[in-house]
Amino acid sequence: MAISYKQKCSRCNKNYVTATWKTRYVLCLECQNKEMAGEITNPKMKKFFDIPPEFYAENSFLRSIKINYLRYEDLSGDQIAGFKRVVEEMRIAKGMKKPALAPKKAKSAAAPASKKVKPATPKKAKPAKK
């Protein structure tokens, strides 16, 4: 585990923030909440960012991803995957369950489970022309 220490917020110089040697520009939760206050209009992303507020309070990575989305209105695949992974790890650590998803439609009994595929037939060789 990296050595951590407390440093004053770079913006307000009022609150202390836990930092490591990798953290260059530390911001407190109050300063970042002002940036996270924007409205998300995309319903898919609104659901994506709908996690408990204490997750944002504990993890600066989650805050930075949300701020980047509000600023640029787009996220890369790696950012989305990282966000999902961190949220899942935090849910497991807190002992929370995933929110219940809508039940999937059941397949009808008449529909086959899998399609049968015909085996490939070898092509016949053509006679050589003289």
# chains A, B, ... in the order shown; residues from 1 in each chain; ligands from 1
call {"tool": "residues_around", "arguments": {"residues": "Phe55 (chain A)", "least_positions_apart": "3", "cutoff": "9 Å", "atoms": "only C-alpha atoms", "output": "list in words"}}
result
Ile51, Pro52, Glu58, Asn59, Leu62, Arg63, Val87, Met90 and Arg91 of chain A
call {"tool": "residues_around", "arguments": {"residues": "Arg24 (chain A)", "least_positions_apart": "3", "cutoff": "12 Å", "atoms": "only C-alpha atoms", "output": "ChimeraX atom specification"}}
result
/A:7-10,17-21,27
call {"tool": "write_last_selection", "arguments": {"atoms": "C-alpha atoms", "output": "PDB file, in the first residue's frame"}}
result
ATOM      1  CA  GLN A   7      -2.524  17.935   2.283  1.00  0.00           C
ATOM      2  CA  LYS A   8      -4.663  21.064   2.039  1.00  0.00           C
ATOM      3  CA  CYS A   9      -6.982  21.388  -0.951  1.00  0.00           C
ATOM      4  CA  SER A  10      -5.247  23.145  -3.836  1.00  0.00           C
ATOM      5  CA  VAL A  17      -7.365  15.757   1.622  1.00  0.00           C
ATOM      6  CA  THR A  18      -5.604  12.389   1.768  1.00  0.00           C
ATOM      7  CA  ALA A  19      -2.893  12.312  -0.898  1.00  0.00           C
ATOM      8  CA  THR A  20      -0.104  10.024  -2.118  1.00  0.00           C
ATOM      9  CA  TRP A  21       3.084  10.703  -4.014  1.00  0.00           C
ATOM     10  CA  LEU A  27      -9.117  18.739  -4.445  1.00  0.00           C
TER      11      LEU A  27
END
call {"tool": "select_by_dssp", "arguments": {"residues": "chain A", "states": "strand (DSSP E)", "output": "number ranges by chain"}}
result
A: 5-8, 16-19
call {"tool": "write_last_selection", "arguments": {"atoms": "N, CA and C atoms", "output": "short mmCIF file (atom, residue, chain, number, x, y, z; two decimals), in the first residue's frame"}}
result
data_model
loop_
_atom_site.label_atom_id
_atom_site.label_comp_id
_atom_site.auth_asym_id
_atom_site.auth_seq_id
_atom_site.Cartn_x
_atom_site.Cartn_y
_atom_site.Cartn_z
N TYR A 5 -0.66 10.78 3.05
CA TYR A 5 -0.53 11.89 3.98
C TYR A 5 -1.64 12.89 3.69
N LYS A 6 -1.85 13.82 4.58
CA LYS A 6 -2.89 14.81 4.40
C LYS A 6 -2.28 16.10 3.88
N GLN A 7 -2.99 16.70 2.91
CA GLN A 7 -2.52 17.94 2.28
C GLN A 7 -3.74 18.84 2.11
N LYS A 8 -3.54 20.15 2.21
CA LYS A 8 -4.66 21.06 2.04
C LYS A 8 -5.11 21.08 0.58
N TYR A 16 -8.49 19.49 4.43
CA TYR A 16 -7.40 18.55 4.20
C TYR A 16 -7.90 17.36 3.39
N VAL A 17 -7.04 16.87 2.50
CA VAL A 17 -7.36 15.76 1.62
C VAL A 17 -6.24 14.73 1.73
N THR A 18 -6.60 13.45 1.75
CA THR A 18 -5.60 12.39 1.77
C THR A 18 -4.95 12.31 0.39
N ALA A 19 -3.64 12.31 0.36
CA ALA A 19 -2.89 12.31 -0.90
C ALA A 19 -1.78 11.27 -0.84
#
call {"tool": "select_by_dssp", "arguments": {"residues": "chain A", "states": "alpha helix (DSSP H)", "output": "NGL selection string"}}
result
:A and (29-35 or 43-48 or 53-58 or 60-72 or 77-94)
call {"tool": "residues_around", "arguments": {"residues": "Gln32 (chain A)", "least_positions_apart": "2", "cutoff": "12 Å", "atoms": "only C-alpha atoms", "output": "PyMOL selection string"}}
result
chain A and resi 9-12+17+26-30+34-38+56-57+59-68
call {"tool": "closest_residue", "arguments": {"among": "A:Ala128, A:Asn15, A:Lys22, A:Phe48", "to": "Ala81 (chain A)", "atoms": "only C-alpha atoms"}}
result
A:Phe48
